[in-house]
$ cat coords_2.pdb   # PDB, C-alpha atoms, pLDDT in the B column
ATOM      1  CA  MET A 183     211.540  64.101-106.388  1.00 83.00           C
ATOM      2  CA  LEU A 184     214.591  62.063-107.362  1.00 91.00           C
ATOM      3  CA  ILE A 185     215.772  59.255-105.107  1.00 96.00           C
ATOM      4  CA  GLU A 186     219.117  57.780-106.076  1.00 96.00           C
ATOM      5  CA  THR A 187     220.194  54.305-105.044  1.00 96.00           C
ATOM      6  CA  GLU A 188     223.607  52.860-104.333  1.00 95.00           C
ATOM      7  CA  LYS A 189     224.748  49.326-103.750  1.00 93.00           C
ATOM      8  CA  THR A 190     226.547  48.675-100.489  1.00 93.00           C
ATOM      9  CA  PRO A 191     229.199  46.084 -99.625  1.00 91.00           C
ATOM     10  CA  ASN A 192     226.349  44.148 -98.003  1.00 92.00           C
ATOM     11  CA  PRO A 193     224.436  42.509-100.892  1.00 92.00           C
ATOM     12  CA  ALA A 194     221.258  42.396 -98.782  1.00 94.00           C
ATOM     13  CA  THR A 195     221.260  46.194 -98.303  1.00 95.00           C
ATOM     14  CA  ILE A 196     220.649  49.099-100.664  1.00 96.00           C
ATOM     15  CA  LYS A 197     221.312  52.737 -99.791  1.00 96.00           C
ATOM     16  CA  PHE A 198     218.593  55.215-100.851  1.00 97.00           C
ATOM     17  CA  LEU A 199     219.530  58.899-101.237  1.00 96.00           C
ATOM     18  CA  PRO A 200     216.435  61.160-101.403  1.00 95.00           C
ATOM     19  CA  SER A 201     218.406  64.402-101.995  1.00 89.00           C
ATOM     20  CA  GLN A 202     217.464  65.860 -98.625  1.00 92.00           C
ATOM     21  CA  ASN A 203     218.559  65.502 -95.040  1.00 91.00           C
ATOM     22  CA  ILE A 204     217.071  62.588 -93.153  1.00 94.00           C
ATOM     23  CA  MET A 205     218.541  62.879 -89.653  1.00 92.00           C
ATOM     24  CA  THR A 206     219.852  66.259 -88.577  1.00 88.00           C
ATOM     25  CA  ASN A 207     221.538  64.780 -85.522  1.00 88.00           C
ATOM     26  CA  GLY A 208     222.833  61.230 -85.141  1.00 88.00           C
ATOM     27  CA  THR A 209     221.531  58.105 -86.813  1.00 92.00           C
ATOM     28  CA  ARG A 210     218.762  55.612 -86.082  1.00 95.00           C
ATOM     29  CA  ASP A 211     218.834  51.848 -86.575  1.00 94.00           C
ATOM     30  CA  PHE A 212     215.645  49.765 -86.713  1.00 96.00           C
ATOM     31  CA  ALA A 213     216.386  46.055 -86.383  1.00 94.00           C
ATOM     32  CA  ASN A 214     212.766  44.863 -86.335  1.00 95.00           C
ATOM     33  CA  PRO A 215     209.168  46.063 -86.798  1.00 96.00           C
ATOM     34  CA  GLU A 216     208.764  46.727 -83.063  1.00 96.00           C
ATOM     35  CA  ASP A 217     211.717  49.174 -83.104  1.00 93.00           C
ATOM     36  CA  ALA A 218     210.128  50.878 -86.118  1.00 96.00           C
ATOM     37  CA  GLU A 219     206.802  51.667 -84.447  1.00 95.00           C
ATOM     38  CA  ILE A 220     207.989  55.226 -83.656  1.00 95.00           C
ATOM     39  CA  SER A 221     208.580  55.986 -87.344  1.00 96.00           C
ATOM     40  CA  PRO A 222     205.829  55.933 -89.983  1.00 96.00           C
ATOM     41  CA  LEU A 223     208.478  55.543 -92.688  1.00 97.00           C
ATOM     42  CA  ALA A 224     210.360  52.675 -91.039  1.00 97.00           C
ATOM     43  CA  SER A 225     207.042  50.978 -90.197  1.00 97.00           C
ATOM     44  CA  ALA A 226     205.847  51.230 -93.797  1.00 97.00           C
ATOM     45  CA  LEU A 227     209.089  49.680 -95.026  1.00 98.00           C
ATOM     46  CA  PHE A 228     208.819  46.776 -92.572  1.00 98.00           C
ATOM     47  CA  ASP A 229     205.167  46.334 -93.590  1.00 97.00           C
ATOM     48  CA  LEU A 230     206.414  45.206 -97.009  1.00 97.00           C
ATOM     49  CA  GLY A 231     207.244  41.919 -95.299  1.00 95.00           C
ATOM     50  CA  ASP A 232     210.560  41.436 -97.039  1.00 95.00           C
ATOM     51  CA  VAL A 233     212.464  44.107 -95.098  1.00 97.00           C
ATOM     52  CA  VAL A 234     214.526  43.009 -92.085  1.00 96.00           C
ATOM     53  CA  GLY A 235     216.365  46.246 -91.307  1.00 96.00           C
ATOM     54  CA  VAL A 236     216.038  50.004 -91.808  1.00 97.00           C
ATOM     55  CA  PHE A 237     218.707  52.573 -91.009  1.00 96.00           C
ATOM     56  CA  PHE A 238     218.394  56.375 -91.118  1.00 96.00           C
ATOM     57  CA  GLY A 239     221.650  58.250 -91.768  1.00 94.00           C
ATOM     58  CA  SER A 240     222.183  61.966 -92.184  1.00 92.00           C
ATOM     59  CA  ASN A 241     221.249  62.000 -95.882  1.00 94.00           C
ATOM     60  CA  PHE A 242     220.377  58.396 -96.685  1.00 96.00           C
ATOM     61  CA  ILE A 243     218.215  55.451 -95.734  1.00 97.00           C
ATOM     62  CA  SER A 244     219.621  51.926 -95.886  1.00 97.00           C
ATOM     63  CA  VAL A 245     217.145  49.101 -96.307  1.00 97.00           C
ATOM     64  CA  THR A 246     218.109  45.485 -95.680  1.00 96.00           C
ATOM     65  CA  ALA A 247     216.085  42.724 -97.316  1.00 96.00           C
ATOM     66  CA  ALA A 248     215.575  39.173 -96.112  1.00 95.00           C
ATOM     67  CA  PRO A 249     218.148  36.698 -97.514  1.00 92.00           C
ATOM     68  CA  THR A 250     215.867  35.153-100.159  1.00 92.00           C
ATOM     69  CA  VAL A 251     214.461  38.436-101.493  1.00 94.00           C
ATOM     70  CA  ASP A 252     215.171  39.627-105.027  1.00 95.00           C
ATOM     71  CA  TRP A 253     216.007  43.342-104.894  1.00 96.00           C
ATOM     72  CA  ASN A 254     214.749  43.755-108.471  1.00 95.00           C
ATOM     73  CA  GLU A 255     211.252  43.019-107.169  1.00 96.00           C
ATOM     74  CA  LEU A 256     211.510  44.834-103.816  1.00 97.00           C
ATOM     75  CA  LYS A 257     213.245  48.032-104.954  1.00 97.00           C
ATOM     76  CA  PRO A 258     210.220  49.604-106.741  1.00 97.00           C
ATOM     77  CA  ASP A 259     208.059  49.067-103.630  1.00 97.00           C
ATOM     78  CA  VAL A 260     210.676  50.672-101.394  1.00 98.00           C
ATOM     79  CA  LEU A 261     211.040  53.618-103.774  1.00 97.00           C
ATOM     80  CA  ASN A 262     207.232  54.115-103.836  1.00 97.00           C
ATOM     81  CA  ILE A 263     207.093  54.210-100.039  1.00 97.00           C
ATOM     82  CA  LEU A 264     209.982  56.668 -99.881  1.00 97.00           C
ATOM     83  CA  LEU A 265     208.449  58.904-102.555  1.00 96.00           C
ATOM     84  CA  ASP A 266     205.044  58.914-100.871  1.00 96.00           C
ATOM     85  CA  HIS A 267     206.661  59.731 -97.544  1.00 96.00           C
ATOM     86  CA  PHE A 268     208.821  62.626 -98.721  1.00 95.00           C
ATOM     87  CA  VAL A 269     206.375  64.127-101.226  1.00 94.00           C
ATOM     88  CA  GLY A 270     203.646  63.929 -98.563  1.00 94.00           C
ATOM     89  CA  GLU A 271     206.007  65.653 -96.088  1.00 93.00           C
ATOM     90  CA  ILE A 272     205.143  63.069 -93.433  1.00 92.00           C
ATOM     91  CA  PRO A 273     207.195  63.422 -90.237  1.00 93.00           C
ATOM     92  CA  LEU A 274     210.019  60.934 -89.888  1.00 93.00           C
ATOM     93  CA  PHE A 275     208.929  60.069 -86.356  1.00 94.00           C
ATOM     94  CA  SER A 276     205.489  59.845 -84.781  1.00 90.00           C
ATOM     95  CA  GLY A 277     204.725  62.949 -82.790  1.00 75.00           C
ATOM     96  CA  GLY A 278     207.176  65.229 -84.585  1.00 53.00           C
ATOM     97  CA  ASN A 279     210.728  65.266 -85.773  1.00 48.00           C
ATOM     98  CA  ALA A 280     213.924  63.498 -84.794  1.00 47.00           C
ATOM     99  CA  ALA A 281     214.838  66.214 -82.307  1.00 43.00           C
ATOM    100  CA  GLU A 282     211.912  65.129 -80.157  1.00 41.00           C
ATOM    101  CA  ILE A 283     212.955  61.472 -80.043  1.00 43.00           C
ATOM    102  CA  SER A 284     215.183  60.487 -77.154  1.00 41.00           C
ATOM    103  CA  VAL A 285     217.960  58.173 -78.249  1.00 45.00           C
ATOM    104  CA  PRO A 286     220.151  56.836 -75.435  1.00 43.00           C
ATOM    105  CA  THR A 287     223.755  57.927 -75.546  1.00 46.00           C
ATOM    106  CA  ASP A 288     226.482  55.345 -75.219  1.00 44.00           C
ATOM    107  CA  ASP A 289     227.043  56.419 -71.613  1.00 44.00           C
ATOM    108  CA  GLU A 290     223.378  55.841 -70.731  1.00 43.00           C
ATOM    109  CA  GLU A 291     223.256  52.476 -72.441  1.00 48.00           C
ATOM    110  CA  PHE A 292     226.583  51.066 -71.215  1.00 49.00           C
ATOM    111  CA  PRO A 293     228.741  51.532 -68.149  1.00 51.00           C
ATOM    112  CA  LEU A 294     231.313  54.286 -68.307  1.00 58.00           C
ATOM    113  CA  ASP A 295     234.869  53.437 -69.328  1.00 78.00           C
ATOM    114  CA  ASP A 296     237.546  53.397 -66.644  1.00 83.00           C
ATOM    115  CA  PRO A 297     238.290  57.066 -65.845  1.00 84.00           C
ATOM    116  CA  ALA A 298     242.020  56.247 -65.925  1.00 88.00           C
ATOM    117  CA  ASP A 299     241.612  55.531 -69.663  1.00 91.00           C
ATOM    118  CA  ALA A 300     239.877  58.852 -70.451  1.00 91.00           C
ATOM    119  CA  ASP A 301     242.662  60.144 -72.735  1.00 94.00           C
ATOM    120  CA  ILE A 302     242.827  56.851 -74.628  1.00 94.00           C
ATOM    121  CA  VAL A 303     239.045  56.721 -75.004  1.00 95.00           C
ATOM    122  CA  ASP A 304     239.010  60.316 -76.285  1.00 95.00           C
ATOM    123  CA  GLN A 305     241.631  59.430 -78.920  1.00 96.00           C
ATOM    124  CA  ILE A 306     239.682  56.351 -79.984  1.00 95.00           C
ATOM    125  CA  LYS A 307     236.405  58.284 -80.237  1.00 95.00           C
ATOM    126  CA  GLU A 308     238.064  61.078 -82.211  1.00 95.00           C
ATOM    127  CA  LEU A 309     239.519  58.609 -84.738  1.00 95.00           C
ATOM    128  CA  ILE A 310     236.188  56.837 -85.088  1.00 94.00           C
ATOM    129  CA  GLU A 311     234.342  60.135 -85.581  1.00 92.00           C
ATOM    130  CA  THR A 312     236.770  61.684 -88.080  1.00 93.00           C
ATOM    131  CA  ARG A 313     238.148  58.719 -90.008  1.00 91.00           C
ATOM    132  CA  VAL A 314     235.904  55.687 -89.600  1.00 92.00           C
ATOM    133  CA  ARG A 315     232.308  56.956 -89.459  1.00 89.00           C
ATOM    134  CA  PRO A 316     232.506  58.941 -92.729  1.00 88.00           C
ATOM    135  CA  ALA A 317     233.800  55.875 -94.592  1.00 87.00           C
ATOM    136  CA  VAL A 318     231.194  53.595 -93.046  1.00 88.00           C
ATOM    137  CA  ALA A 319     228.426  56.111 -93.875  1.00 88.00           C
ATOM    138  CA  ASN A 320     229.518  55.979 -97.513  1.00 86.00           C
ATOM    139  CA  ASP A 321     228.706  52.279 -97.378  1.00 86.00           C
ATOM    140  CA  GLY A 322     225.219  52.909 -95.944  1.00 88.00           C
ATOM    141  CA  GLY A 323     225.889  52.300 -92.281  1.00 87.00           C
ATOM    142  CA  ASP A 324     227.304  53.616 -89.066  1.00 90.00           C
ATOM    143  CA  ILE A 325     229.592  52.505 -86.292  1.00 91.00           C
ATOM    144  CA  LYS A 326     229.109  53.179 -82.602  1.00 90.00           C
ATOM    145  CA  TYR A 327     231.753  53.127 -79.896  1.00 93.00           C
ATOM    146  CA  LYS A 328     230.682  50.806 -77.066  1.00 93.00           C
ATOM    147  CA  GLY A 329     233.687  50.557 -74.804  1.00 93.00           C
ATOM    148  CA  PHE A 330     237.395  50.152 -74.099  1.00 94.00           C
ATOM    149  CA  ASN A 331     238.666  47.614 -71.598  1.00 92.00           C
ATOM    150  CA  ARG A 332     242.211  46.249 -71.194  1.00 89.00           C
ATOM    151  CA  GLY A 333     243.223  47.144 -74.739  1.00 93.00           C
ATOM    152  CA  ILE A 334     240.045  45.870 -76.384  1.00 93.00           C
ATOM    153  CA  VAL A 335     237.784  48.325 -78.220  1.00 93.00           C
ATOM    154  CA  THR A 336     234.189  47.218 -78.694  1.00 93.00           C
ATOM    155  CA  LEU A 337     232.265  48.702 -81.619  1.00 92.00           C
ATOM    156  CA  GLN A 338     228.753  48.172 -82.964  1.00 90.00           C
ATOM    157  CA  MET A 339     228.133  48.089 -86.710  1.00 89.00           C
ATOM    158  CA  GLN A 340     224.757  49.433 -87.876  1.00 89.00           C
ATOM    159  CA  GLY A 341     222.776  49.774 -91.081  1.00 87.00           C
ATOM    160  CA  ALA A 342     224.319  48.152 -94.138  1.00 83.00           C
ATOM    161  CA  CYS A 343     227.395  47.260 -92.097  1.00 82.00           C
ATOM    162  CA  ALA A 344     225.508  45.069 -89.624  1.00 82.00           C
ATOM    163  CA  GLY A 345     225.587  41.549 -90.978  1.00 75.00           C
ATOM    164  CA  CYS A 346     227.706  42.504 -93.970  1.00 78.00           C
ATOM    165  CA  PRO A 347     229.993  39.662 -95.071  1.00 77.00           C
ATOM    166  CA  SER A 348     232.958  42.055 -95.143  1.00 80.00           C
ATOM    167  CA  SER A 349     232.280  43.704 -91.765  1.00 79.00           C
ATOM    168  CA  SER A 350     234.679  41.463 -89.837  1.00 79.00           C
ATOM    169  CA  ALA A 351     237.409  42.265 -92.367  1.00 80.00           C
ATOM    170  CA  THR A 352     236.580  45.962 -92.014  1.00 81.00           C
ATOM    171  CA  LEU A 353     236.858  45.687 -88.233  1.00 83.00           C
ATOM    172  CA  LYS A 354     240.078  43.648 -88.168  1.00 82.00           C
ATOM    173  CA  GLN A 355     242.012  44.818 -91.196  1.00 82.00           C
ATOM    174  CA  GLY A 356     240.787  48.389 -91.368  1.00 88.00           C
ATOM    175  CA  ILE A 357     239.604  49.822 -88.080  1.00 92.00           C
ATOM    176  CA  GLU A 358     241.774  47.697 -85.796  1.00 93.00           C
ATOM    177  CA  GLN A 359     244.926  48.537 -87.754  1.00 93.00           C
ATOM    178  CA  LEU A 360     244.050  52.252 -87.790  1.00 93.00           C
ATOM    179  CA  LEU A 361     243.412  52.365 -84.043  1.00 95.00           C
ATOM    180  CA  LYS A 362     246.535  50.327 -83.218  1.00 94.00           C
ATOM    181  CA  HIS A 363     248.626  52.672 -85.346  1.00 94.00           C
ATOM    182  CA  TYR A 364     247.437  55.862 -83.637  1.00 95.00           C
ATOM    183  CA  VAL A 365     246.642  54.490 -80.167  1.00 96.00           C
ATOM    184  CA  PRO A 366     249.287  51.959 -79.079  1.00 95.00           C
ATOM    185  CA  GLU A 367     247.195  50.940 -76.068  1.00 95.00           C
ATOM    186  CA  VAL A 368     244.677  49.293 -78.428  1.00 94.00           C
ATOM    187  CA  SER A 369     245.398  45.585 -78.844  1.00 94.00           C
ATOM    188  CA  GLU A 370     242.164  44.418 -80.471  1.00 93.00           C
ATOM    189  CA  VAL A 371     238.826  45.550 -81.915  1.00 93.00           C
ATOM    190  CA  ARG A 372     235.712  43.454 -81.417  1.00 91.00           C
ATOM    191  CA  ALA A 373     232.168  43.667 -82.694  1.00 88.00           C
ATOM    192  CA  TYR A 374     229.415  44.211 -80.168  1.00 86.00           C
TER     193      TYR A 374
END
$ encode --input "coords_2.pdb" --output "structure tokens"
Amino acid sequence: MLIETEKTPNPATIKFLPSQNIMTNGTRDFANPEDAEISPLASALFDLGDVVGVFFGSNFISVTAAPTVDWNELKPDVLNILLDHFVGEIPLFSGGNAAEISVPTDDEEFPLDDPADADIVDQIKELIETRVRPAVANDGGDIKYKGFNRGIVTLQMQGACAGCPSSSATLKQGIEQLLKHYVPEVSEVRAY
């Protein structure tokens, strides 16, 4: 099995592409070992001790190393864990596959947006889904809509994009400008 790697804009994160689908629906972000307990693969990566974040995308896995870690030393260990996992056909999640894992939707996790803003929110979500998420996925991450209130859009960066030195520039100079252009009601974009 071939697993390709790609650098991301975040120097602490590498994107691993195992030439097969990872998540058939959605994404999953593991920010700590406790979050990873439901996934044998994420747990094994955290068990290396030098991993501080794991992100499952549709066809990639982003791994974030601690600030002082040398990727030249960590990368072979990560690749070995990934190879063992995929060659051994171990389930991605304990107890089955990703379809059996309940991941809260934005509406369950956060209060609903003002119903009067429904058309604006739909436009924002459509732009994020069609224009922003594919670009962010190319960089090894994801972006989640969290809310719209009085012109301010709140978004959460995940995977390689969380903690990336260029993420604030991406939010302000890229996403904010895009949303302002297409949705005049948007005045600002903030990170969650």
$ resolve_selection --input "coords_2.pdb" --expression "the PyMOL selection byres ((chain A and resi 366-371) around 10)" --output "list in words"
Asp299, Ile302, Val303, Ile306, Phe330, Asn331, Arg332, Gly333, Ile334, Val335, Thr336, Leu337, Ser350, Leu353, Lys354, Gln355, Ile357, Glu358, Gln359, Leu360, Leu361, Lys362, His363, Tyr364, Val365, Arg372, Ala373 and Tyr374 of chain A
$ resolve_selection --input "coords_2.pdb" --expression "the PyMOL selection byres ((chain A and resi 242) around 8)" --output "list in words"
Lys197, Phe198, Leu199, Pro200, Asn203, Ile204, Phe238, Gly239, Ser240, Asn241, Ile243, Ser244 and Gly322 of chain A
$ closest_residue --input "coords_2.pdb" --among "A:Pro222, A:Pro316, A:Pro249, A:Pro258" --to "Ile185 (chain A)" --atoms "all atoms listed in the file"
A:Pro258
$ atom_distance --input "coords_2.pdb" --atom1 "CA of Thr187 (chain A)" --atom2 "CA of Leu256 (chain A)"
12.9 Å
$ closest_residue --input "coords_2.pdb" --among "A:Thr195, A:Thr312, A:Ser225, A:Thr250" --to "Cys343 (chain A)" --atoms "all atoms listed in the file"
A:Thr195
$ axis_aligned_box --input "coords_2.pdb" --around "region 305-318 of chain A" --padding-each-side "5 Å" --output "JSON"
{"center_x": 236.4, "center_y": 57.6, "center_z": -86.8, "size_x": 20.4, "size_y": 18.1, "size_z": 25.7}
$ closest_residue --input "coords_2.pdb" --among "A:Gly341, A:Pro193, A:Gly329, A:Gly277" --to "Asp252 (chain A)" --atoms "only C-alpha atoms"
A:Pro193
$ residues_near_point --input "coords_2.pdb" --point "(222.8, 52.2, -81.9)" --cutoff "8 Å" --atoms "all atoms listed in the file" --output "JSON, numbers by chain"
{"A": [209, 210, 211, 326, 338, 340]}
$ resolve_selection --input "coords_2.pdb" --expression "the PyMOL selection byres ((chain A and resi 264) around 9)" --output "PDB file with C-alpha atoms, in the coordinates of the input"
ATOM      1  CA  ILE A 185     215.772  59.255-105.107  1.00 96.00           C
ATOM      2  CA  PHE A 198     218.593  55.215-100.851  1.00 97.00           C
ATOM      3  CA  PRO A 200     216.435  61.160-101.403  1.00 95.00           C
ATOM      4  CA  LEU A 223     208.478  55.543 -92.688  1.00 97.00           C
ATOM      5  CA  LEU A 227     209.089  49.680 -95.026  1.00 98.00           C
ATOM      6  CA  ASP A 259     208.059  49.067-103.630  1.00 97.00           C
ATOM      7  CA  VAL A 260     210.676  50.672-101.394  1.00 98.00           C
ATOM      8  CA  LEU A 261     211.040  53.618-103.774  1.00 97.00           C
ATOM      9  CA  ASN A 262     207.232  54.115-103.836  1.00 97.00           C
ATOM     10  CA  ILE A 263     207.093  54.210-100.039  1.00 97.00           C
ATOM     11  CA  LEU A 265     208.449  58.904-102.555  1.00 96.00           C
ATOM     12  CA  ASP A 266     205.044  58.914-100.871  1.00 96.00           C
ATOM     13  CA  HIS A 267     206.661  59.731 -97.544  1.00 96.00           C
ATOM     14  CA  PHE A 268     208.821  62.626 -98.721  1.00 95.00           C
ATOM     15  CA  VAL A 269     206.375  64.127-101.226  1.00 94.00           C
TER      16      VAL A 269
END
$ residues_near_point --input "coords_2.pdb" --point "(228.3, 48.0, -98.8)" --cutoff "7 Å" --atoms "only C-alpha atoms" --output "PyMOL selection string"
chain A and resi 189-192+321-322+342-343
$ write_last_selection --input "coords_2.pdb" --atoms "C-alpha atoms" --output "compact mmCIF listing (two decimals), in the coordinates of the input"
# COMPACT_ATOMS: atom_id res chain seq x y z
CA LYS A 189 224.75 49.33 -103.75
CA THR A 190 226.55 48.68 -100.49
CA PRO A 191 229.20 46.08 -99.62
CA ASN A 192 226.35 44.15 -98.00
CA ASP A 321 228.71 52.28 -97.38
CA GLY A 322 225.22 52.91 -95.94
CA ALA A 342 224.32 48.15 -94.14
CA CYS A 343 227.40 47.26 -92.10
$ atom_distance --input "coords_2.pdb" --atom1 "CA of Glu186 (chain A)" --atom2 "CA of Ser201 (chain A)"
7.8 Å
$ closest_residue --input "coords_2.pdb" --among "A:Met183, A:Ala224, A:Asp232, A:Gly345" --to "Gln202 (chain A)" --atoms "all atoms listed in the file"
A:Met183
$ atom_distance --input "coords_2.pdb" --atom1 "CA of Ser349 (chain A)" --atom2 "CA of Arg313 (chain A)"
16.2 Å
$ closest_residue --input "coords_2.pdb" --among "A:Glu311, A:Ile196, A:Leu274, A:Asp296" --to "Ala226 (chain A)" --atoms "all atoms listed in the file"
A:Leu274
$ build_atoms --input "coords_2.pdb" --residues "region 193-219 of chain A" --atoms "N, CA and C atoms" --output "PDB file, in the frame of the given file"
ATOM      1  N   PRO A 193     225.347  42.745 -99.766  1.00 92.00           N
ATOM      2  CA  PRO A 193     224.436  42.509-100.892  1.00 92.00           C
ATOM      3  C   PRO A 193     222.955  42.522-100.506  1.00 92.00           C
ATOM      4  N   ALA A 194     222.650  42.378 -99.230  1.00 94.00           N
ATOM      5  CA  ALA A 194     221.258  42.396 -98.782  1.00 94.00           C
ATOM      6  C   ALA A 194     220.745  43.822 -98.568  1.00 94.00           C
ATOM      7  N   THR A 195     221.628  44.817 -98.642  1.00 95.00           N
ATOM      8  CA  THR A 195     221.260  46.194 -98.303  1.00 95.00           C
ATOM      9  C   THR A 195     221.489  47.136 -99.473  1.00 95.00           C
ATOM     10  N   ILE A 196     220.516  48.024 -99.676  1.00 96.00           N
ATOM     11  CA  ILE A 196     220.649  49.099-100.664  1.00 96.00           C
ATOM     12  C   ILE A 196     220.517  50.427 -99.920  1.00 96.00           C
ATOM     13  N   LYS A 197     221.304  51.389-100.363  1.00 96.00           N
ATOM     14  CA  LYS A 197     221.312  52.737 -99.791  1.00 96.00           C
ATOM     15  C   LYS A 197     220.470  53.634-100.703  1.00 96.00           C
ATOM     16  N   PHE A 198     219.475  54.314-100.117  1.00 97.00           N
ATOM     17  CA  PHE A 198     218.593  55.215-100.851  1.00 97.00           C
ATOM     18  C   PHE A 198     218.921  56.648-100.460  1.00 97.00           C
ATOM     19  N   LEU A 199     219.141  57.508-101.458  1.00 96.00           N
ATOM     20  CA  LEU A 199     219.530  58.899-101.237  1.00 96.00           C
ATOM     21  C   LEU A 199     218.442  59.825-101.785  1.00 96.00           C
ATOM     22  N   PRO A 200     217.556  60.354-100.920  1.00 95.00           N
ATOM     23  CA  PRO A 200     216.435  61.160-101.403  1.00 95.00           C
ATOM     24  C   PRO A 200     216.745  62.639-101.623  1.00 95.00           C
ATOM     25  N   SER A 201     217.989  63.021-101.739  1.00 89.00           N
ATOM     26  CA  SER A 201     218.406  64.402-101.995  1.00 89.00           C
ATOM     27  C   SER A 201     217.863  65.397-100.974  1.00 89.00           C
ATOM     28  N   GLN A 202     217.803  64.962 -99.728  1.00 92.00           N
ATOM     29  CA  GLN A 202     217.464  65.860 -98.625  1.00 92.00           C
ATOM     30  C   GLN A 202     217.974  65.226 -97.339  1.00 92.00           C
ATOM     31  N   ASN A 203     218.107  66.030 -96.315  1.00 91.00           N
ATOM     32  CA  ASN A 203     218.559  65.502 -95.040  1.00 91.00           C
ATOM     33  C   ASN A 203     217.504  64.593 -94.445  1.00 91.00           C
ATOM     34  N   ILE A 204     217.961  63.522 -93.835  1.00 94.00           N
ATOM     35  CA  ILE A 204     217.071  62.588 -93.153  1.00 94.00           C
ATOM     36  C   ILE A 204     217.150  62.861 -91.651  1.00 94.00           C
ATOM     37  N   MET A 205     218.318  62.653 -91.084  1.00 92.00           N
ATOM     38  CA  MET A 205     218.541  62.879 -89.653  1.00 92.00           C
ATOM     39  C   MET A 205     219.465  64.085 -89.508  1.00 92.00           C
ATOM     40  N   THR A 206     219.017  65.080 -88.784  1.00 88.00           N
ATOM     41  CA  THR A 206     219.852  66.259 -88.577  1.00 88.00           C
ATOM     42  C   THR A 206     220.873  66.044 -87.474  1.00 88.00           C
ATOM     43  N   ASN A 207     220.624  65.047 -86.624  1.00 88.00           N
ATOM     44  CA  ASN A 207     221.538  64.780 -85.522  1.00 88.00           C
ATOM     45  C   ASN A 207     221.563  63.275 -85.263  1.00 88.00           C
ATOM     46  N   GLY A 208     222.709  62.651 -85.423  1.00 88.00           N
ATOM     47  CA  GLY A 208     222.833  61.230 -85.141  1.00 88.00           C
ATOM     48  C   GLY A 208     222.272  60.359 -86.243  1.00 88.00           C
ATOM     49  N   THR A 209     222.077  59.096 -85.895  1.00 92.00           N
ATOM     50  CA  THR A 209     221.531  58.105 -86.813  1.00 92.00           C
ATOM     51  C   THR A 209     220.500  57.295 -86.033  1.00 92.00           C
ATOM     52  N   ARG A 210     219.746  56.475 -86.756  1.00 95.00           N
ATOM     53  CA  ARG A 210     218.762  55.612 -86.082  1.00 95.00           C
ATOM     54  C   ARG A 210     218.695  54.278 -86.795  1.00 95.00           C
ATOM     55  N   ASP A 211     218.837  53.202 -86.040  1.00 94.00           N
ATOM     56  CA  ASP A 211     218.834  51.848 -86.575  1.00 94.00           C
ATOM     57  C   ASP A 211     217.580  51.130 -86.098  1.00 94.00           C
ATOM     58  N   PHE A 212     216.850  50.532 -87.025  1.00 96.00           N
ATOM     59  CA  PHE A 212     215.645  49.765 -86.713  1.00 96.00           C
ATOM     60  C   PHE A 212     215.913  48.315 -87.110  1.00 96.00           C
ATOM     61  N   ALA A 213     216.039  47.446 -86.125  1.00 94.00           N
ATOM     62  CA  ALA A 213     216.386  46.055 -86.383  1.00 94.00           C
ATOM     63  C   ALA A 213     215.171  45.152 -86.550  1.00 94.00           C
ATOM     64  N   ASN A 214     213.973  45.678 -86.229  1.00 95.00           N
ATOM     65  CA  ASN A 214     212.766  44.863 -86.335  1.00 95.00           C
ATOM     66  C   ASN A 214     211.543  45.775 -86.364  1.00 95.00           C
ATOM     67  N   PRO A 215     210.383  45.236 -86.705  1.00 96.00           N
ATOM     68  CA  PRO A 215     209.168  46.063 -86.798  1.00 96.00           C
ATOM     69  C   PRO A 215     208.793  46.748 -85.476  1.00 96.00           C
ATOM     70  N   GLU A 216     209.091  46.116 -84.352  1.00 96.00           N
ATOM     71  CA  GLU A 216     208.764  46.727 -83.063  1.00 96.00           C
ATOM     72  C   GLU A 216     209.577  48.000 -82.847  1.00 96.00           C
ATOM     73  N   ASP A 217     210.870  47.975 -83.207  1.00 93.00           N
ATOM     74  CA  ASP A 217     211.717  49.174 -83.104  1.00 93.00           C
ATOM     75  C   ASP A 217     211.172  50.288 -83.983  1.00 93.00           C
ATOM     76  N   ALA A 218     210.569  49.914 -85.110  1.00 96.00           N
ATOM     77  CA  ALA A 218     210.128  50.878 -86.118  1.00 96.00           C
ATOM     78  C   ALA A 218     208.796  51.540 -85.796  1.00 96.00           C
ATOM     79  N   GLU A 219     208.128  51.128 -84.747  1.00 95.00           N
ATOM     80  CA  GLU A 219     206.802  51.667 -84.447  1.00 95.00           C
ATOM     81  C   GLU A 219     206.797  53.178 -84.235  1.00 95.00           C
TER      82      GLU A 219
END
